[in-house]
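**Q** Enclosed is the structure file target13.pdb (PDB, C-alpha atoms).
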```pdb
MODEL        1
ATOM      1  CA  MET A1296     -81.953  23.622  60.449  1.00  0.00           C
ATOM      2  CA  ASP A1297     -79.084  26.107  60.380  1.00  0.00           C
ATOM      3  CA  LEU A1298     -77.674  27.772  57.253  1.00  0.00           C
ATOM      4  CA  ASN A1299     -74.086  28.976  57.437  1.00  0.00           C
ATOM      5  CA  SER A1300     -71.574  30.647  55.138  1.00  0.00           C
ATOM      6  CA  ASP A1301     -67.863  31.520  55.192  1.00  0.00           C
ATOM      7  CA  LEU A1302     -67.610  35.312  55.452  1.00  0.00           C
ATOM      8  CA  GLY A1303     -65.164  38.105  56.304  1.00  0.00           C
ATOM      9  CA  GLU A1304     -62.757  36.875  53.620  1.00  0.00           C
ATOM     10  CA  SER A1305     -62.116  40.117  51.713  1.00  0.00           C
ATOM     11  CA  TYR A1306     -58.641  41.627  52.024  1.00  0.00           C
ATOM     12  CA  GLY A1307     -58.027  45.301  51.370  1.00  0.00           C
ATOM     13  CA  ALA A1308     -59.044  46.108  47.800  1.00  0.00           C
ATOM     14  CA  TRP A1309     -59.598  42.392  47.069  1.00  0.00           C
ATOM     15  CA  GLN A1310     -63.300  41.678  47.553  1.00  0.00           C
ATOM     16  CA  MET A1311     -64.497  38.141  48.257  1.00  0.00           C
ATOM     17  CA  GLY A1312     -68.234  37.471  48.270  1.00  0.00           C
ATOM     18  CA  ASP A1313     -71.114  39.711  49.332  1.00  0.00           C
ATOM     19  CA  ASP A1314     -71.232  39.492  53.121  1.00  0.00           C
ATOM     20  CA  ALA A1315     -74.008  42.055  53.603  1.00  0.00           C
ATOM     21  CA  SER A1316     -76.374  40.179  51.290  1.00  0.00           C
ATOM     22  CA  MET A1317     -75.435  36.737  52.602  1.00  0.00           C
ATOM     23  CA  LEU A1318     -76.080  37.847  56.174  1.00  0.00           C
ATOM     24  CA  GLN A1319     -79.701  38.477  55.209  1.00  0.00           C
ATOM     25  CA  VAL A1320     -80.024  34.776  54.347  1.00  0.00           C
ATOM     26  CA  VAL A1321     -77.908  32.682  56.719  1.00  0.00           C
ATOM     27  CA  THR A1322     -78.370  32.031  60.424  1.00  0.00           C
ATOM     28  CA  SER A1323     -74.672  31.469  61.229  1.00  0.00           C
ATOM     29  CA  ALA A1324     -71.515  33.156  59.906  1.00  0.00           C
ATOM     30  CA  ASN A1325     -68.094  31.496  59.876  1.00  0.00           C
ATOM     31  CA  VAL A1326     -65.874  34.560  60.021  1.00  0.00           C
ATOM     32  CA  ALA A1327     -62.273  34.504  58.799  1.00  0.00           C
ATOM     33  CA  CYS A1328     -59.601  35.190  61.406  1.00  0.00           C
ATOM     34  CA  GLY A1329     -56.837  36.545  59.178  1.00  0.00           C
ATOM     35  CA  PHE A1330     -54.816  33.379  58.577  1.00  0.00           C
ATOM     36  CA  HIS A1331     -56.313  32.410  55.200  1.00  0.00           C
ATOM     37  CA  ALA A1332     -58.175  35.616  54.384  1.00  0.00           C
ATOM     38  CA  GLY A1333     -59.667  38.740  55.886  1.00  0.00           C
ATOM     39  CA  ASP A1334     -58.266  41.999  57.225  1.00  0.00           C
ATOM     40  CA  PRO A1335     -59.161  43.506  60.635  1.00  0.00           C
ATOM     41  CA  GLN A1336     -61.382  46.304  59.319  1.00  0.00           C
ATOM     42  CA  GLY A1337     -63.292  44.005  56.964  1.00  0.00           C
ATOM     43  CA  ILE A1338     -63.716  41.323  59.599  1.00  0.00           C
ATOM     44  CA  TRP A1339     -64.978  43.914  62.075  1.00  0.00           C
ATOM     45  CA  GLN A1340     -67.498  45.209  59.545  1.00  0.00           C
ATOM     46  CA  THR A1341     -68.793  41.686  58.880  1.00  0.00           C
ATOM     47  CA  LEU A1342     -69.121  41.100  62.615  1.00  0.00           C
ATOM     48  CA  ARG A1343     -71.071  44.342  63.055  1.00  0.00           C
ATOM     49  CA  GLU A1344     -73.446  43.345  60.265  1.00  0.00           C
ATOM     50  CA  ALA A1345     -73.856  39.871  61.765  1.00  0.00           C
ATOM     51  CA  ALA A1346     -74.677  41.406  65.144  1.00  0.00           C
ATOM     52  CA  ALA A1347     -77.254  43.723  63.574  1.00  0.00           C
ATOM     53  CA  ARG A1348     -78.941  40.780  61.819  1.00  0.00           C
ATOM     54  CA  GLY A1349     -78.882  38.466  64.867  1.00  0.00           C
ATOM     55  CA  VAL A1350     -76.663  35.990  63.040  1.00  0.00           C
ATOM     56  CA  ALA A1351     -74.527  33.695  65.203  1.00  0.00           C
ATOM     57  CA  VAL A1352     -70.766  34.064  64.773  1.00  0.00           C
ATOM     58  CA  GLY A1353     -68.105  31.363  64.592  1.00  0.00           C
ATOM     59  CA  ALA A1354     -64.311  31.520  64.265  1.00  0.00           C
ATOM     60  CA  HIS A1355     -63.207  30.208  60.854  1.00  0.00           C
ATOM     61  CA  VAL A1356     -59.698  29.145  61.854  1.00  0.00           C
ATOM     62  CA  SER A1357     -57.160  28.062  59.255  1.00  0.00           C
ATOM     63  CA  TYR A1358     -53.611  27.088  58.457  1.00  0.00           C
ATOM     64  CA  PRO A1359     -51.433  30.217  57.977  1.00  0.00           C
ATOM     65  CA  ASP A1360     -51.894  30.244  54.194  1.00  0.00           C
ATOM     66  CA  ARG A1361     -53.137  33.471  52.627  1.00  0.00           C
ATOM     67  CA  VAL A1362     -51.546  32.763  49.248  1.00  0.00           C
ATOM     68  CA  GLY A1363     -53.324  29.412  48.999  1.00  0.00           C
ATOM     69  CA  PHE A1364     -56.528  30.680  50.634  1.00  0.00           C
ATOM     70  CA  GLY A1365     -56.060  28.032  53.325  1.00  0.00           C
ATOM     71  CA  ARG A1366     -56.622  25.220  50.847  1.00  0.00           C
ATOM     72  CA  ARG A1367     -53.088  23.763  50.855  1.00  0.00           C
ATOM     73  CA  ASN A1368     -52.252  20.887  53.178  1.00  0.00           C
ATOM     74  CA  MET A1369     -49.687  21.664  55.874  1.00  0.00           C
ATOM     75  CA  ASP A1370     -47.854  19.357  58.267  1.00  0.00           C
ATOM     76  CA  VAL A1371     -47.941  21.739  61.232  1.00  0.00           C
ATOM     77  CA  GLY A1372     -46.572  20.589  64.588  1.00  0.00           C
ATOM     78  CA  SER A1373     -49.121  20.008  67.329  1.00  0.00           C
ATOM     79  CA  ALA A1374     -47.990  22.785  69.683  1.00  0.00           C
ATOM     80  CA  GLU A1375     -47.784  25.296  66.821  1.00  0.00           C
ATOM     81  CA  LEU A1376     -51.243  24.338  65.531  1.00  0.00           C
ATOM     82  CA  THR A1377     -52.765  24.633  68.998  1.00  0.00           C
ATOM     83  CA  ALA A1378     -51.213  28.085  69.422  1.00  0.00           C
ATOM     84  CA  ASP A1379     -52.449  29.134  65.966  1.00  0.00           C
ATOM     85  CA  VAL A1380     -56.014  28.159  66.897  1.00  0.00           C
ATOM     86  CA  ILE A1381     -55.816  30.019  70.220  1.00  0.00           C
ATOM     87  CA  TYR A1382     -54.453  33.113  68.462  1.00  0.00           C
ATOM     88  CA  GLN A1383     -57.162  33.173  65.812  1.00  0.00           C
ATOM     89  CA  ILE A1384     -60.065  32.649  68.213  1.00  0.00           C
ATOM     90  CA  GLY A1385     -58.669  35.323  70.502  1.00  0.00           C
ATOM     91  CA  ALA A1386     -58.340  37.836  67.674  1.00  0.00           C
ATOM     92  CA  LEU A1387     -61.903  37.236  66.543  1.00  0.00           C
ATOM     93  CA  GLN A1388     -63.200  37.423  70.107  1.00  0.00           C
ATOM     94  CA  GLY A1389     -61.722  40.904  70.476  1.00  0.00           C
ATOM     95  CA  LEU A1390     -63.267  42.155  67.259  1.00  0.00           C
ATOM     96  CA  ALA A1391     -66.573  40.453  68.070  1.00  0.00           C
ATOM     97  CA  THR A1392     -66.758  42.179  71.447  1.00  0.00           C
ATOM     98  CA  ALA A1393     -66.140  45.518  69.759  1.00  0.00           C
ATOM     99  CA  ALA A1394     -68.893  44.684  67.254  1.00  0.00           C
ATOM    100  CA  GLY A1395     -71.434  43.871  69.964  1.00  0.00           C
ATOM    101  CA  THR A1396     -71.501  40.108  69.519  1.00  0.00           C
ATOM    102  CA  ARG A1397     -69.468  37.077  70.609  1.00  0.00           C
ATOM    103  CA  VAL A1398     -67.873  33.971  69.163  1.00  0.00           C
ATOM    104  CA  ARG A1399     -70.095  30.963  69.814  1.00  0.00           C
ATOM    105  CA  TYR A1400     -68.453  28.199  67.789  1.00  0.00           C
ATOM    106  CA  VAL A1401     -65.378  27.238  65.765  1.00  0.00           C
ATOM    107  CA  LYS A1402     -65.341  25.910  62.213  1.00  0.00           C
ATOM    108  CA  PRO A1403     -61.918  25.089  60.752  1.00  0.00           C
ATOM    109  CA  HIS A1404     -61.401  26.187  57.156  1.00  0.00           C
ATOM    110  CA  GLY A1405     -60.333  24.490  53.949  1.00  0.00           C
ATOM    111  CA  ALA A1406     -57.420  22.074  54.153  1.00  0.00           C
ATOM    112  CA  LEU A1407     -57.396  22.193  57.955  1.00  0.00           C
ATOM    113  CA  TYR A1408     -61.096  21.244  58.041  1.00  0.00           C
ATOM    114  CA  ASN A1409     -60.577  18.273  55.745  1.00  0.00           C
ATOM    115  CA  THR A1410     -57.364  17.134  57.440  1.00  0.00           C
ATOM    116  CA  ILE A1411     -58.685  17.075  60.993  1.00  0.00           C
ATOM    117  CA  ALA A1412     -61.815  15.231  59.897  1.00  0.00           C
ATOM    118  CA  HIS A1413     -59.628  12.097  59.876  1.00  0.00           C
ATOM    119  CA  ASP A1414     -56.112  13.023  61.132  1.00  0.00           C
ATOM    120  CA  ARG A1415     -56.244  12.419  64.870  1.00  0.00           C
ATOM    121  CA  ARG A1416     -53.008  14.214  65.738  1.00  0.00           C
ATOM    122  CA  GLN A1417     -53.947  17.484  64.106  1.00  0.00           C
ATOM    123  CA  ALA A1418     -57.529  17.105  65.303  1.00  0.00           C
ATOM    124  CA  GLN A1419     -56.346  16.810  68.895  1.00  0.00           C
ATOM    125  CA  ALA A1420     -54.211  19.928  68.474  1.00  0.00           C
ATOM    126  CA  VAL A1421     -57.191  21.935  67.214  1.00  0.00           C
ATOM    127  CA  ILE A1422     -59.422  20.577  69.982  1.00  0.00           C
ATOM    128  CA  ALA A1423     -56.782  21.535  72.566  1.00  0.00           C
ATOM    129  CA  GLY A1424     -56.670  25.065  71.178  1.00  0.00           C
ATOM    130  CA  ILE A1425     -60.420  25.492  71.377  1.00  0.00           C
ATOM    131  CA  ARG A1426     -60.600  24.090  74.916  1.00  0.00           C
ATOM    132  CA  ALA A1427     -57.749  26.338  76.045  1.00  0.00           C
ATOM    133  CA  VAL A1428     -59.802  29.390  75.094  1.00  0.00           C
ATOM    134  CA  ASP A1429     -63.343  28.312  75.984  1.00  0.00           C
ATOM    135  CA  ASP A1430     -64.566  24.745  76.304  1.00  0.00           C
ATOM    136  CA  SER A1431     -68.168  25.853  75.735  1.00  0.00           C
ATOM    137  CA  LEU A1432     -67.388  26.744  72.109  1.00  0.00           C
ATOM    138  CA  ILE A1433     -69.079  24.347  69.683  1.00  0.00           C
ATOM    139  CA  LEU A1434     -66.906  22.587  67.114  1.00  0.00           C
ATOM    140  CA  LEU A1435     -68.615  22.542  63.708  1.00  0.00           C
ATOM    141  CA  GLY A1436     -67.218  19.658  61.656  1.00  0.00           C
ATOM    142  CA  LEU A1437     -67.875  17.358  58.731  1.00  0.00           C
ATOM    143  CA  ALA A1438     -70.960  15.202  59.264  1.00  0.00           C
ATOM    144  CA  GLY A1439     -70.108  11.546  59.731  1.00  0.00           C
ATOM    145  CA  SER A1440     -66.382  12.117  60.312  1.00  0.00           C
ATOM    146  CA  PRO A1441     -64.299  10.996  63.343  1.00  0.00           C
ATOM    147  CA  ILE A1442     -63.491  14.572  64.434  1.00  0.00           C
ATOM    148  CA  LEU A1443     -66.966  14.950  65.915  1.00  0.00           C
ATOM    149  CA  GLN A1444     -66.504  11.966  68.206  1.00  0.00           C
ATOM    150  CA  TRP A1445     -62.961  12.969  69.160  1.00  0.00           C
ATOM    151  CA  ALA A1446     -64.140  16.451  70.100  1.00  0.00           C
ATOM    152  CA  ALA A1447     -67.116  15.105  72.051  1.00  0.00           C
ATOM    153  CA  ASP A1448     -64.832  12.703  73.916  1.00  0.00           C
ATOM    154  CA  ALA A1449     -62.677  15.703  74.888  1.00  0.00           C
ATOM    155  CA  GLY A1450     -65.725  17.484  76.311  1.00  0.00           C
ATOM    156  CA  LEU A1451     -66.515  19.909  73.496  1.00  0.00           C
ATOM    157  CA  PRO A1452     -70.066  20.364  72.235  1.00  0.00           C
ATOM    158  CA  VAL A1453     -70.229  19.500  68.555  1.00  0.00           C
ATOM    159  CA  ALA A1454     -72.408  20.157  65.502  1.00  0.00           C
ATOM    160  CA  ALA A1455     -72.393  18.217  62.229  1.00  0.00           C
ATOM    161  CA  GLU A1456     -72.172  20.077  58.916  1.00  0.00           C
ATOM    162  CA  ALA A1457     -73.279  19.240  55.385  1.00  0.00           C
ATOM    163  CA  PHE A1458     -72.344  21.191  52.262  1.00  0.00           C
ATOM    164  CA  ALA A1459     -74.953  22.448  49.836  1.00  0.00           C
ATOM    165  CA  ASP A1460     -72.592  23.341  47.006  1.00  0.00           C
ATOM    166  CA  ARG A1461     -70.091  20.478  47.207  1.00  0.00           C
ATOM    167  CA  ALA A1462     -70.202  16.946  45.815  1.00  0.00           C
ATOM    168  CA  TYR A1463     -69.695  13.943  48.085  1.00  0.00           C
ATOM    169  CA  THR A1464     -67.802  10.699  47.600  1.00  0.00           C
ATOM    170  CA  PRO A1465     -69.624   7.410  48.324  1.00  0.00           C
ATOM    171  CA  GLN A1466     -67.674   7.364  51.632  1.00  0.00           C
ATOM    172  CA  GLY A1467     -69.296  10.622  52.773  1.00  0.00           C
ATOM    173  CA  GLU A1468     -66.231  12.802  52.202  1.00  0.00           C
ATOM    174  CA  LEU A1469     -66.086  15.946  50.075  1.00  0.00           C
ATOM    175  CA  VAL A1470     -64.872  15.468  46.516  1.00  0.00           C
ATOM    176  CA  SER A1471     -61.547  17.274  46.073  1.00  0.00           C
ATOM    177  CA  ARG A1472     -61.829  20.678  44.427  1.00  0.00           C
ATOM    178  CA  ARG A1473     -59.233  19.446  41.930  1.00  0.00           C
ATOM    179  CA  GLU A1474     -61.758  16.925  40.567  1.00  0.00           C
ATOM    180  CA  PRO A1475     -64.465  17.747  38.002  1.00  0.00           C
ATOM    181  CA  GLY A1476     -67.925  18.161  39.475  1.00  0.00           C
ATOM    182  CA  ALA A1477     -66.623  18.926  42.970  1.00  0.00           C
ATOM    183  CA  VAL A1478     -68.457  22.261  43.198  1.00  0.00           C
ATOM    184  CA  LEU A1479     -72.176  22.485  42.390  1.00  0.00           C
ATOM    185  CA  HIS A1480     -73.635  25.572  40.714  1.00  0.00           C
ATOM    186  CA  ASP A1481     -77.301  24.791  39.948  1.00  0.00           C
ATOM    187  CA  ALA A1482     -79.271  26.574  42.694  1.00  0.00           C
ATOM    188  CA  GLU A1483     -82.438  24.574  42.101  1.00  0.00           C
ATOM    189  CA  GLN A1484     -80.600  21.253  42.193  1.00  0.00           C
ATOM    190  CA  VAL A1485     -78.731  22.265  45.327  1.00  0.00           C
ATOM    191  CA  ALA A1486     -81.924  23.386  47.078  1.00  0.00           C
ATOM    192  CA  GLN A1487     -83.648  20.099  46.284  1.00  0.00           C
ATOM    193  CA  ARG A1488     -80.628  18.117  47.528  1.00  0.00           C
ATOM    194  CA  MET A1489     -80.693  19.979  50.818  1.00  0.00           C
ATOM    195  CA  LEU A1490     -84.423  19.459  51.269  1.00  0.00           C
ATOM    196  CA  GLY A1491     -83.892  15.740  50.737  1.00  0.00           C
ATOM    197  CA  LEU A1492     -81.082  15.777  53.290  1.00  0.00           C
ATOM    198  CA  VAL A1493     -83.250  17.504  55.888  1.00  0.00           C
ATOM    199  CA  GLU A1494     -86.310  15.319  55.276  1.00  0.00           C
ATOM    200  CA  CYS A1495     -84.657  11.924  54.674  1.00  0.00           C
ATOM    201  CA  GLY A1496     -81.139  12.212  56.098  1.00  0.00           C
ATOM    202  CA  GLU A1497     -79.657  11.185  52.745  1.00  0.00           C
ATOM    203  CA  ILE A1498     -77.696  12.814  49.939  1.00  0.00           C
ATOM    204  CA  GLU A1499     -76.637  11.608  46.517  1.00  0.00           C
ATOM    205  CA  ALA A1500     -72.913  10.948  46.071  1.00  0.00           C
ATOM    206  CA  ILE A1501     -71.047  11.850  42.900  1.00  0.00           C
ATOM    207  CA  ASP A1502     -71.401   8.284  41.578  1.00  0.00           C
ATOM    208  CA  GLY A1503     -75.186   8.311  42.038  1.00  0.00           C
ATOM    209  CA  SER A1504     -75.235   6.214  45.199  1.00  0.00           C
ATOM    210  CA  ARG A1505     -77.077   7.380  48.315  1.00  0.00           C
ATOM    211  CA  ILE A1506     -75.295   8.080  51.595  1.00  0.00           C
ATOM    212  CA  ARG A1507     -76.772   8.805  55.001  1.00  0.00           C
ATOM    213  CA  LEU A1508     -75.814  12.019  56.795  1.00  0.00           C
ATOM    214  CA  ARG A1509     -77.054  13.605  60.012  1.00  0.00           C
ATOM    215  CA  ALA A1510     -76.480  17.338  59.881  1.00  0.00           C
ATOM    216  CA  ASP A1511     -77.177  20.255  62.211  1.00  0.00           C
ATOM    217  CA  SER A1512     -76.038  22.886  59.708  1.00  0.00           C
ATOM    218  CA  ILE A1513     -75.835  23.412  55.938  1.00  0.00           C
ATOM    219  CA  CYS A1514     -73.023  25.454  54.404  1.00  0.00           C
ATOM    220  CA  VAL A1515     -73.173  27.538  51.231  1.00  0.00           C
ATOM    221  CA  HIS A1516     -69.694  28.867  50.458  1.00  0.00           C
ATOM    222  CA  GLY A1517     -69.660  32.650  50.279  1.00  0.00           C
ATOM    223  CA  ASP A1518     -66.945  32.729  47.584  1.00  0.00           C
ATOM    224  CA  SER A1519     -68.810  30.521  45.083  1.00  0.00           C
ATOM    225  CA  PRO A1520     -70.265  32.159  41.945  1.00  0.00           C
ATOM    226  CA  GLY A1521     -73.919  32.989  42.571  1.00  0.00           C
ATOM    227  CA  ALA A1522     -73.520  32.126  46.258  1.00  0.00           C
ATOM    228  CA  VAL A1523     -76.171  34.539  47.537  1.00  0.00           C
ATOM    229  CA  ALA A1524     -78.786  33.402  45.017  1.00  0.00           C
ATOM    230  CA  MET A1525     -78.023  29.783  45.865  1.00  0.00           C
ATOM    231  CA  ALA A1526     -78.350  30.403  49.602  1.00  0.00           C
ATOM    232  CA  GLN A1527     -81.607  32.276  49.023  1.00  0.00           C
ATOM    233  CA  ARG A1528     -83.032  29.366  47.057  1.00  0.00           C
ATOM    234  CA  VAL A1529     -81.981  26.824  49.684  1.00  0.00           C
ATOM    235  CA  ARG A1530     -83.580  28.935  52.397  1.00  0.00           C
ATOM    236  CA  GLN A1531     -86.762  29.444  50.377  1.00  0.00           C
ATOM    237  CA  ARG A1532     -87.072  25.733  49.537  1.00  0.00           C
ATOM    238  CA  LEU A1533     -86.650  24.684  53.156  1.00  0.00           C
ATOM    239  CA  GLN A1534     -89.116  27.271  54.421  1.00  0.00           C
ATOM    240  CA  GLU A1535     -91.690  26.266  51.815  1.00  0.00           C
ATOM    241  CA  ALA A1536     -91.440  22.746  53.200  1.00  0.00           C
ATOM    242  CA  GLY A1537     -92.031  23.988  56.748  1.00  0.00           C
ATOM    243  CA  VAL A1538     -88.440  23.678  57.962  1.00  0.00           C
ATOM    244  CA  ALA A1539     -87.632  26.176  60.736  1.00  0.00           C
ATOM    245  CA  LEU A1540     -84.310  27.972  60.250  1.00  0.00           C
ATOM    246  CA  THR A1541     -82.334  28.824  63.350  1.00  0.00           C
ATOM    247  CA  SER A1542     -78.665  28.723  64.303  1.00  0.00           C
ATOM    248  CA  PHE A1543     -77.446  25.594  66.069  1.00  0.00           C
ATOM    249  CA  ALA A1544     -75.339  27.943  68.198  1.00  0.00           C
ATOM    250  CA  LEU A1545     -78.305  29.975  69.438  1.00  0.00           C
ATOM    251  CA  ASP A1546     -80.949  27.252  69.794  1.00  0.00           C
ATOM    252  CA  GLY A1547     -79.328  25.072  72.432  1.00  0.00           C
ATOM    253  CA  LEU A1548     -76.556  22.564  71.862  1.00  0.00           C
ATOM    254  CA  PRO A1549     -77.019  19.689  69.433  1.00  0.00           C
ATOM    255  CA  PRO A1550     -76.580  16.176  70.852  1.00  0.00           C
ATOM    256  CA  THR A1551     -73.111  14.694  70.806  1.00  0.00           C
ATOM    257  CA  PRO A1552     -72.674  11.753  68.406  1.00  0.00           C
ATOM    258  CA  ALA A1553     -73.607   8.267  69.611  1.00  0.00           C
TER     259      ALA A1553
ENDMDL
END
```
Show me, as structure tokens, the structure contained in the file I just sent.
**A**
Amino acid sequence: MDLNSDLGESYGAWQMGDDASMLQVVTSANVACGFHAGDPQGIWQTLREAAARGVAVGAHVSYPDRVGFGRRNMDVGSAELTADVIYQIGALQGLATAAGTRVRYVKPHGALYNTIAHDRRQAQAVIAGIRAVDDSLILLGLAGSPILQWAADAGLPVAAEAFADRAYTPQGELVSRREPGAVLHDAEQVAQRMLGLVECGEIEAIDGSRIRLRADSICVHGDSPGAVAMAQRVRQRLQEAGVALTSFALDGLPPTPA
């Protein structure tokens, strides 16, 4: 199993998360590309630390929304969205090369991630942007959502993602951050949930029902309170159970969805 986190999101004097500590825990890093967060020097530093730790790097592309941290929905035209994705991947590729690593996958951020999980038009625009840069880049998307099949149909390798610190609806979608209980904070509870997901392919929804999910990667958000401790506990719990931790982007490509 892979553990990933959203990193490189600090901006100037504004510090977001503890990238250096998180990179000692995770196996993949979704690195901001400047559209929702991150400045060039900070992103470069995160990439250098990821390279030193052998952590796989992905482009965390977003709507152009720094004020809203990329969490506001936007009705962006297809051509503009495709160009935005190309621009962000290209910027991160340049910094990654300078840091001694390379971009291996793409994970959309925030509102863009949730929108393209089900919005075919915007999904196709993002897919087109990725393919225009490098069609060997893996698209990391929400487990069980249509985006994975759409990307696979377009020829992109895909990986399915589950979230350690987020609640799920009975339909397998993430509970909106505007709703109570959407973000989980109990590290022990989260670690046990993720072990159950890995061992049984199931997770408890916010209403107590059980939903089935197949995941190649587990995300712990880097900006959540206690994020590093939570990621450490998830990693420890999985390792105690004999689960090998390795990046999906370094250990061969996961199968495309059936």
**Q** Name the closest residue to Ala1308 (chain A) among the candidates A:Glu1483, A:Met1525, A:Arg1505, A:Gly1333; distances are taken between atoms, counting all atoms listed in the file.
**A**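 Nearest candidate to Ala1308 (chain A) out of A:Glu1483, A:Met1525, A:Arg1505, A:Gly1333: A:Gly1333.
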**Q** With only C-alpha atoms as the basis for distance, which of A:Pro1441, A:Gly1503, A:Gly1385, A:Pro1403 is at the shortest distance from Tyr1463 (chain A)?
**A**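 For Tyr1463 (chain A), the nearest of the given residues is A:Gly1503.
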**Q** At a cut-off of 9 Å, using only C-alpha atoms, what residues contact region 1389-1396 of chain A? Leave out same-chain residues fewer than 2 positions from it and give the result as a list of chain:residue names.
**A** A:Pro1335, A:Ile1338, A:Trp1339, A:Gln1340, A:Thr1341, A:Leu1342, A:Arg1343, A:Glu1344, A:Ala1345, A:Ala1346, A:Ala1347, A:Gly1349, A:Ala1351, A:Val1352, A:Ile1384, A:Gly1385, A:Ala1386, A:Leu1387, A:Val1398
**Q** Point out the residue among A:Ile1425, A:Leu1545, A:Asp1430, A:Cys1514 with the least atom-to-atom distance to Val1350 (chain A), counting all atoms listed in the file.
**A**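 That would be A:Leu1545, the residue with the smallest distance to Val1350 (chain A).
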**Q** For CA of Leu1302 (chain A) and CA of Asp1518 (chain A), determine how far apart the two atoms are, in Å to one decimal place.
**A**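 If I compute the distance from CA of Leu1302 (chain A) to CA of Asp1518 (chain A), I get 8.3 Å.
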**Q** What does the distance between CA of Arg1367 (chain A) and CA of Leu1451 (chain A) come to in Å, to one decimal place?
**A** 26.6 Å
**Q** Enumerate, as an mmCIF file with C-alpha atoms, in the coordinates of the input, the residues matched when the PyMOL selection byres ((chain A and resi 1404-1421) around 6) is run on the file above.
**A**
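After the write, selection_21.cif holds the following:
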```cif
data_model
loop_
_atom_site.group_PDB
_atom_site.id
_atom_site.type_symbol
_atom_site.label_atom_id
_atom_site.label_comp_id
_atom_site.auth_asym_id
_atom_site.auth_seq_id
_atom_site.Cartn_x
_atom_site.Cartn_y
_atom_site.Cartn_z
ATOM 1 C CA HIS A 1355 -63.207 30.208 60.854
ATOM 2 C CA VAL A 1356 -59.698 29.145 61.854
ATOM 3 C CA SER A 1357 -57.160 28.062 59.255
ATOM 4 C CA GLY A 1365 -56.060 28.032 53.325
ATOM 5 C CA ARG A 1366 -56.622 25.220 50.847
ATOM 6 C CA ARG A 1367 -53.088 23.763 50.855
ATOM 7 C CA ASN A 1368 -52.252 20.887 53.178
ATOM 8 C CA SER A 1373 -49.121 20.008 67.329
ATOM 9 C CA THR A 1377 -52.765 24.633 68.998
ATOM 10 C CA PRO A 1403 -61.918 25.089 60.752
ATOM 11 C CA ILE A 1422 -59.422 20.577 69.982
ATOM 12 C CA ALA A 1423 -56.782 21.535 72.566
ATOM 13 C CA GLY A 1424 -56.670 25.065 71.178
ATOM 14 C CA SER A 1440 -66.382 12.117 60.312
ATOM 15 C CA PRO A 1441 -64.299 10.996 63.343
ATOM 16 C CA ILE A 1442 -63.491 14.572 64.434
#
```
